[in-house]
>>> print(open('upload-v6.txt').read())   # compact mmCIF, C-alpha atoms
# COMPACT_ATOMS: atom_id res chain seq x y z
CA MET F 752 99.58 141.42 166.27
CA SER F 753 101.49 140.45 163.15
CA THR F 754 105.26 140.82 163.11
CA VAL F 755 108.17 140.62 160.75
CA PRO F 756 109.21 136.95 160.34
CA SER F 757 111.40 135.83 163.21
CA LYS F 758 113.29 132.69 164.24
CA ASP F 759 110.25 131.46 166.16
CA ASP F 760 107.95 131.38 163.14
CA ALA F 761 110.44 130.44 160.39
CA ARG F 762 109.22 127.37 158.53
CA ALA F 763 109.78 125.22 155.49
CA PHE F 764 108.73 126.57 152.13
CA GLU F 765 105.38 125.10 151.13
CA ALA F 766 106.24 123.95 147.60
CA PRO F 767 109.99 123.43 147.01
CA ASP F 768 109.18 121.36 143.90
CA LEU F 769 107.87 124.49 142.19
CA ILE F 770 111.16 126.27 142.82
CA GLU F 771 112.85 123.55 140.81
CA VAL F 772 110.25 123.74 138.02
CA MET F 773 111.03 127.43 137.67
CA GLU F 774 114.66 126.56 136.94
CA GLU F 775 113.30 125.68 133.49
CA ALA F 776 112.31 129.32 132.94
CA VAL F 777 115.78 130.16 131.64
CA ARG F 778 114.93 133.45 129.89
CA TYR F 779 112.76 134.63 132.78
CA ASN F 780 115.53 133.96 135.29
CA ARG F 781 118.10 135.57 133.02
CA PHE F 782 115.88 138.65 132.82
CA LEU F 783 115.67 138.89 136.61
CA VAL F 784 119.41 138.43 137.08
CA GLY F 785 119.97 141.17 134.51
CA GLU F 786 117.57 143.51 136.28
CA LEU F 787 119.23 142.82 139.62
CA SER F 788 122.72 143.36 138.20
CA ALA F 789 121.72 146.67 136.59
CA TRP F 790 120.00 147.78 139.79
CA ALA F 791 122.96 146.85 142.02
CA ARG F 792 125.37 148.97 139.94
CA ASP F 793 128.40 149.78 142.13
CA ALA F 794 126.98 148.41 145.39
CA GLU F 795 129.44 146.46 147.51
CA SER F 796 127.14 144.58 149.89
CA LEU F 797 123.73 143.16 149.01
CA LEU F 798 121.04 141.26 150.90
CA ASP F 799 118.78 138.72 149.19
CA PHE F 800 115.74 138.38 151.46
CA GLY F 801 113.95 135.08 150.89
CA ALA F 802 116.65 133.62 148.66
CA GLY F 803 114.95 130.29 147.89
CA ASN F 804 117.37 127.91 146.23
CA GLY F 805 119.90 130.72 145.76
CA ARG F 806 119.53 131.22 142.01
CA PHE F 807 119.82 135.01 142.29
CA CYS F 808 122.25 135.48 145.17
CA VAL F 809 124.68 132.95 143.69
CA ALA F 810 124.45 134.57 140.25
CA LEU F 811 125.21 137.99 141.75
CA GLN F 812 128.04 136.62 143.85
CA GLU F 813 129.56 135.12 140.70
CA ARG F 814 129.44 138.63 139.22
CA GLY F 815 131.60 139.94 142.05
CA TYR F 816 129.05 141.28 144.53
CA GLN F 817 129.31 140.59 148.25
CA VAL F 818 125.92 138.95 148.87
CA HIS F 819 124.24 137.89 152.09
CA ALA F 820 121.02 135.89 152.14
CA VAL F 821 118.06 135.26 154.40
CA GLU F 822 116.21 131.97 153.83
CA PRO F 823 113.92 130.43 156.48
CA ASP F 824 113.75 126.97 154.90
CA ALA F 825 116.57 124.87 156.41
CA ALA F 826 117.14 122.66 153.36
CA LEU F 827 117.23 125.59 150.94
CA ARG F 828 119.42 127.58 153.32
CA ALA F 829 121.94 124.75 153.45
CA ARG F 830 122.13 124.65 149.65
CA ILE F 831 122.87 128.38 149.54
CA ALA F 832 125.52 128.15 152.25
CA ASP F 833 127.17 125.25 150.42
CA ARG F 834 127.64 127.58 147.46
CA GLY F 835 129.54 130.09 149.57
CA VAL F 836 126.89 132.71 150.33
CA SER F 837 126.62 134.02 153.89
CA THR F 838 123.16 132.86 154.90
CA GLU F 839 120.92 133.27 157.95
CA GLU F 840 117.47 132.00 158.89
CA VAL F 841 116.19 135.47 159.76
CA LEU F 842 117.38 139.04 159.26
CA GLU F 843 118.19 139.32 162.96
CA GLY F 844 120.77 136.56 162.51
CA PHE F 845 123.21 139.07 161.05
CA ASP F 846 125.25 141.48 163.16
CA PRO F 847 122.83 144.24 164.22
CA ASP F 848 125.37 146.85 163.10
CA LEU F 849 125.62 145.40 159.59
CA ARG F 850 124.18 147.73 156.95
CA PHE F 851 123.76 146.97 153.27
CA ASP F 852 124.15 149.01 150.09
CA GLY F 853 121.16 147.21 148.57
CA ILE F 854 118.37 144.86 149.61
CA TYR F 855 116.26 142.94 147.14
CA THR F 856 113.39 140.53 147.52
CA VAL F 857 111.95 138.52 144.63
CA ASN F 858 108.50 136.98 145.05
CA VAL F 859 108.69 137.05 148.85
CA LEU F 860 106.81 140.07 150.23
CA GLU F 861 103.47 138.45 149.37
CA HIS F 862 104.27 135.60 151.81
CA VAL F 863 104.75 137.92 154.79
CA GLU F 864 101.83 138.84 157.00
CA ASP F 865 103.34 142.13 158.13
CA ASP F 866 104.66 143.40 154.81
CA VAL F 867 104.78 146.97 156.12
CA GLY F 868 106.90 145.93 159.09
CA LEU F 869 109.30 144.09 156.79
CA LEU F 870 109.73 147.11 154.54
CA ARG F 871 110.54 149.21 157.61
CA ALA F 872 113.07 146.59 158.70
CA PHE F 873 114.69 146.87 155.26
CA PHE F 874 114.86 150.65 155.68
CA GLU F 875 116.70 150.25 159.00
CA ARG F 876 119.17 147.75 157.50
CA LEU F 877 120.15 149.95 154.57
CA ARG F 878 122.87 152.59 154.68
CA PRO F 879 121.69 156.14 153.89
CA GLY F 880 121.52 156.21 150.11
CA GLY F 881 121.06 152.43 150.05
CA ARG F 882 118.62 151.00 147.53
CA LEU F 883 115.72 148.56 147.56
CA LEU F 884 114.27 146.33 144.82
CA VAL F 885 110.92 144.60 145.34
CA TYR F 886 109.46 142.13 142.84
CA VAL F 887 106.05 140.63 143.59
CA PRO F 888 103.00 139.06 141.90
CA ALA F 889 100.40 141.56 140.72
CA PHE F 890 96.61 141.82 140.67
CA GLU F 891 94.36 139.99 143.10
CA VAL F 892 92.17 138.87 140.18
CA LEU F 893 95.02 136.50 139.23
CA PHE F 894 95.07 134.83 142.67
CA SER F 895 94.91 131.10 141.89
CA ALA F 896 95.48 127.62 143.26
CA ASN F 897 99.17 128.17 142.61
CA ASP F 898 99.19 131.21 144.93
CA ARG F 899 97.51 129.16 147.64
CA ARG F 900 99.91 126.26 147.19
CA VAL F 901 103.03 128.37 147.61
CA GLY F 902 101.62 130.33 150.56
CA HIS F 903 100.85 133.71 149.03
CA LEU F 904 98.73 135.95 151.23
CA ARG F 905 98.05 138.57 148.58
CA ARG F 906 98.95 140.03 145.20
CA TYR F 907 99.65 143.75 144.73
CA ARG F 908 98.60 146.73 142.66
CA LEU F 909 101.38 149.10 141.69
CA SER F 910 99.98 152.22 143.34
CA ALA F 911 99.22 150.41 146.60
CA LEU F 912 102.71 148.93 146.89
CA CYS F 913 104.28 152.29 146.07
CA ASP F 914 102.31 153.75 148.98
CA LEU F 915 103.61 151.01 151.31
CA VAL F 916 107.20 151.55 150.22
CA ARG F 917 106.92 155.31 150.67
CA GLY F 918 105.26 154.76 154.05
CA ALA F 919 108.33 152.82 155.17
CA GLY F 920 110.45 155.93 154.46
CA PHE F 921 111.73 155.23 150.94
CA GLU F 922 111.71 157.40 147.87
CA ILE F 923 110.50 155.60 144.74
CA GLU F 924 112.93 155.48 141.82
CA THR F 925 111.10 153.26 139.32
CA ALA F 926 107.80 151.37 139.36
CA SER F 927 106.22 149.25 136.64
CA TYR F 928 104.36 146.07 135.88
CA VAL F 929 106.26 143.19 134.28
CA ASP F 930 105.12 140.47 131.84
CA CYS F 931 101.92 141.95 130.42
CA LEU F 932 101.11 138.83 128.39
CA GLY F 933 101.55 136.84 131.58
CA PHE F 934 98.51 138.66 132.94
CA PHE F 935 96.34 136.79 130.45
CA ALA F 936 98.20 133.52 131.03
CA GLY F 937 97.65 133.98 134.77
CA LEU F 938 93.96 134.64 134.23
CA ALA F 939 93.66 131.46 132.16
CA TYR F 940 95.51 129.50 134.84
CA ARG F 941 93.16 130.76 137.53
CA PHE F 942 90.12 129.35 135.74
CA PHE F 943 91.53 126.42 133.77
CA GLY F 944 94.86 125.54 135.41
CA ASN F 945 95.79 122.69 137.73
CA ARG F 946 93.51 122.59 140.74
CA ASP F 947 96.45 121.51 142.93
CA GLY F 948 98.42 124.62 142.00
CA GLY F 949 101.10 122.69 140.15
CA LEU F 950 103.03 123.83 137.09
CA ASP F 951 103.64 121.75 133.98
CA VAL F 952 107.31 121.72 133.02
CA GLY F 953 106.52 121.69 129.30
CA ALA F 954 104.19 124.66 129.65
CA VAL F 955 106.82 126.58 131.61
CA ARG F 956 109.42 125.93 128.90
CA LEU F 957 107.03 126.93 126.12
CA TYR F 958 106.00 130.14 127.85
CA ASP F 959 109.61 130.99 128.68
CA GLY F 960 110.82 130.37 125.15
CA VAL F 961 108.03 131.94 123.11
CA VAL F 962 105.66 134.13 125.10
CA PHE F 963 107.92 135.80 127.67
CA PRO F 964 110.27 137.38 125.10
CA LEU F 965 107.24 138.86 123.31
CA SER F 966 105.80 139.99 126.60
CA ARG F 967 108.95 141.94 127.41
CA LEU F 968 108.62 143.78 124.10
CA PHE F 969 105.03 144.76 124.86
CA ASP F 970 106.02 145.78 128.41
CA ARG F 971 107.74 148.81 126.92
CA VAL F 972 104.29 150.18 126.11
CA LEU F 973 102.00 148.43 128.61
CA GLY F 974 104.25 148.13 131.65
CA HIS F 975 102.59 151.07 133.35
CA VAL F 976 99.12 149.51 132.90
CA PHE F 977 99.21 145.83 133.83
CA GLY F 978 101.32 142.69 134.08
CA LYS F 979 101.61 139.40 135.94
CA ASN F 980 104.23 140.88 138.28
CA LEU F 981 105.43 144.28 139.34
CA MET F 982 108.81 145.70 140.24
CA ILE F 983 109.70 148.72 142.31
CA THR F 984 113.10 150.22 143.02
CA ALA F 985 113.50 152.78 145.79
CA VAL F 986 116.18 154.52 147.81
CA ARG F 987 116.68 155.34 151.48
CA PRO F 988 117.25 159.11 151.54
CA ASP F 989 120.66 160.35 152.72
>>> encode(input="upload-v6.txt", output="structure tokens")
Amino acid sequence: MSTVPSKDDARAFEAPDLIEVMEEAVRYNRFLVGELSAWARDAESLLDFGAGNGRFCVALQERGYQVHAVEPDAALRARIADRGVSTEEVLEGFDPDLRFDGIYTVNVLEHVEDDVGLLRAFFERLRPGGRLLVYVPAFEVLFSANDRRVGHLRRYRLSALCDLVRGAGFEIETASYVDCLGFFAGLAYRFFGNRDGGLDVGAVRLYDGVVFPLSRLFDRVLGHVFGKNLMITAVRPD
């Protein structure tokens, strides 16, 4: 039976080079940091689940939030810890009595076999009134060599993920697709992109500088219909 990731099955991230390539997506990363900051509001303690190289947890810590991180990859975890963020290999590594004001996970849930179990674990680790932000890749039709390379098990539809989040006990606050133009870029990548799942640095910079800003404008109208990713915020009822 599948379980929430534990110390016994923690492993290295499949494609750490792609994490570094995405550092070139300056506007995209700035957008996500902005969304996380707005979502966190007056929260005191946050958990970044699946923190990668720490780009988001460090940015939030620099903005004055008390951030903890979970990152299974030992090398990435060491980098985060070196930057002063309290970091564990698995969620169970933290004090079992520790509860957070907010938990967020960016492009992680799709890696986890038991996504439902993980959402329930988040529910248990939040204080009553605590909030959740989930950001994941959208639409199975976009599943490509890149998804396989980085270890994705699935992509999500908005309604289906909302059902999973509600099933874990949360109340949905907001739910929308993100990067509508990226849907078409993702479709092109699936059929014409690198067969090894790699990303071209120049293409990432071009998309980030030209297409993504336009995509965010169109998201205001099309965000409820489709996009390359989707984002949900939810709350644990008091």
>>> closest_residue(input="upload-v6.txt", among="F:Asp951, F:Glu774, F:Glu891, F:Asp833", to="Gly978 (chain F)", atoms="only C-alpha atoms")
F:Glu891
>>> atom_distance(input="upload-v6.txt", atom1="CA of Leu912 (chain F)", atom2="CA of Arg971 (chain F)")
20.6 Å
>>> closest_atom_pairs(input="upload-v6.txt", of="region 886-935 of chain F", to="region 849-870 of chain F", cutoff="9 Å", atoms="only C-alpha atoms", output="tab-separated table")
residue	atom	partner	partner_atom	distance
F:Tyr886	CA	F:Val857	CA	4.7
F:Val887	CA	F:Asn858	CA	4.6
F:Pro888	CA	F:Asn858	CA	6.7
F:Val901	CA	F:His862	CA	8.5
F:Gly902	CA	F:His862	CA	6.0
F:His903	CA	F:His862	CA	4.8
F:Leu904	CA	F:His862	CA	5.6
F:Arg905	CA	F:Glu861	CA	5.5
F:Arg906	CA	F:Glu861	CA	6.3
F:Tyr907	CA	F:Glu861	CA	8.0
F:Leu915	CA	F:Val867	CA	6.4
F:Val916	CA	F:Leu870	CA	6.7
F:Gly918	CA	F:Val867	CA	8.1
F:Ala919	CA	F:Leu870	CA	5.9
F:Gly920	CA	F:Leu870	CA	8.8
>>> closest_atom_pairs(input="upload-v6.txt", of="region 881-963 of chain F", to="region 800-812 of chain F", cutoff="12 Å", atoms="only C-alpha atoms", output="CSV")
residue,atom,partner,partner_atom,distance
F:Leu883,CA,F:Phe800,CA,10.9
F:Leu884,CA,F:Phe800,CA,10.5
F:Val885,CA,F:Phe800,CA,10.0
F:Tyr886,CA,F:Phe800,CA,11.3
>>> write_last_selection(input="upload-v6.txt", atoms="C-alpha atoms", output="compact mmCIF listing (two decimals), in the coordinates of the input")
# COMPACT_ATOMS: atom_id res chain seq x y z
CA LEU F 883 115.72 148.56 147.56
CA LEU F 884 114.27 146.33 144.82
CA VAL F 885 110.92 144.60 145.34
CA TYR F 886 109.46 142.13 142.84
>>> residues_around(input="upload-v6.txt", residues="Pro988 (chain F)", least_positions_apart="2", cutoff="10 Å", atoms="only C-alpha atoms", output="PyMOL selection string")
chain F and resi 874+878-882+920-922+985-986
>>> atom_distance(input="upload-v6.txt", atom1="CA of Ala889 (chain F)", atom2="CA of Phe969 (chain F)")
16.8 Å
>>> residues_around(input="upload-v6.txt", residues="region 933-939 of chain F", least_positions_apart="5", cutoff="8 Å", atoms="all atoms listed in the file", output="ChimeraX atom specification")
/F:892-893,944,963,966,977-979
>>> residues_around(input="upload-v6.txt", residues="region 778-781 of chain F", least_positions_apart="4", cutoff="10 Å", atoms="only C-alpha atoms", output="list of chain:residue names")
F:Met773, F:Glu774, F:Gly785, F:Glu786, F:Leu787, F:Arg806, F:Phe807, F:Ala810, F:Asp930, F:Arg956, F:Tyr958, F:Asp959, F:Gly960, F:Val961, F:Phe963, F:Pro964, F:Arg967
>>> write_last_selection(input="upload-v6.txt", atoms="C-alpha atoms", output="short mmCIF file (atom, residue, chain, number, x, y, z; two decimals), in the frame of the given file")
data_model
loop_
_atom_site.label_atom_id
_atom_site.label_comp_id
_atom_site.auth_asym_id
_atom_site.auth_seq_id
_atom_site.Cartn_x
_atom_site.Cartn_y
_atom_site.Cartn_z
CA MET F 773 111.03 127.43 137.67
CA GLU F 774 114.66 126.56 136.94
CA GLY F 785 119.97 141.17 134.51
CA GLU F 786 117.57 143.51 136.28
CA LEU F 787 119.23 142.82 139.62
CA ARG F 806 119.53 131.22 142.01
CA PHE F 807 119.82 135.01 142.29
CA ALA F 810 124.45 134.57 140.25
CA ASP F 930 105.12 140.47 131.84
CA ARG F 956 109.42 125.93 128.90
CA TYR F 958 106.00 130.14 127.85
CA ASP F 959 109.61 130.99 128.68
CA GLY F 960 110.82 130.37 125.15
CA VAL F 961 108.03 131.94 123.11
CA PHE F 963 107.92 135.80 127.67
CA PRO F 964 110.27 137.38 125.10
CA ARG F 967 108.95 141.94 127.41
#
>>> closest_residue(input="upload-v6.txt", among="F:Asp947, F:Val784, F:Leu932, F:Val952", to="Leu965 (chain F)", atoms="all atoms listed in the file")
F:Leu932
>>> atom_distance(input="upload-v6.txt", atom1="CA of Ala825 (chain F)", atom2="CA of Phe782 (chain F)")
27.3 Å
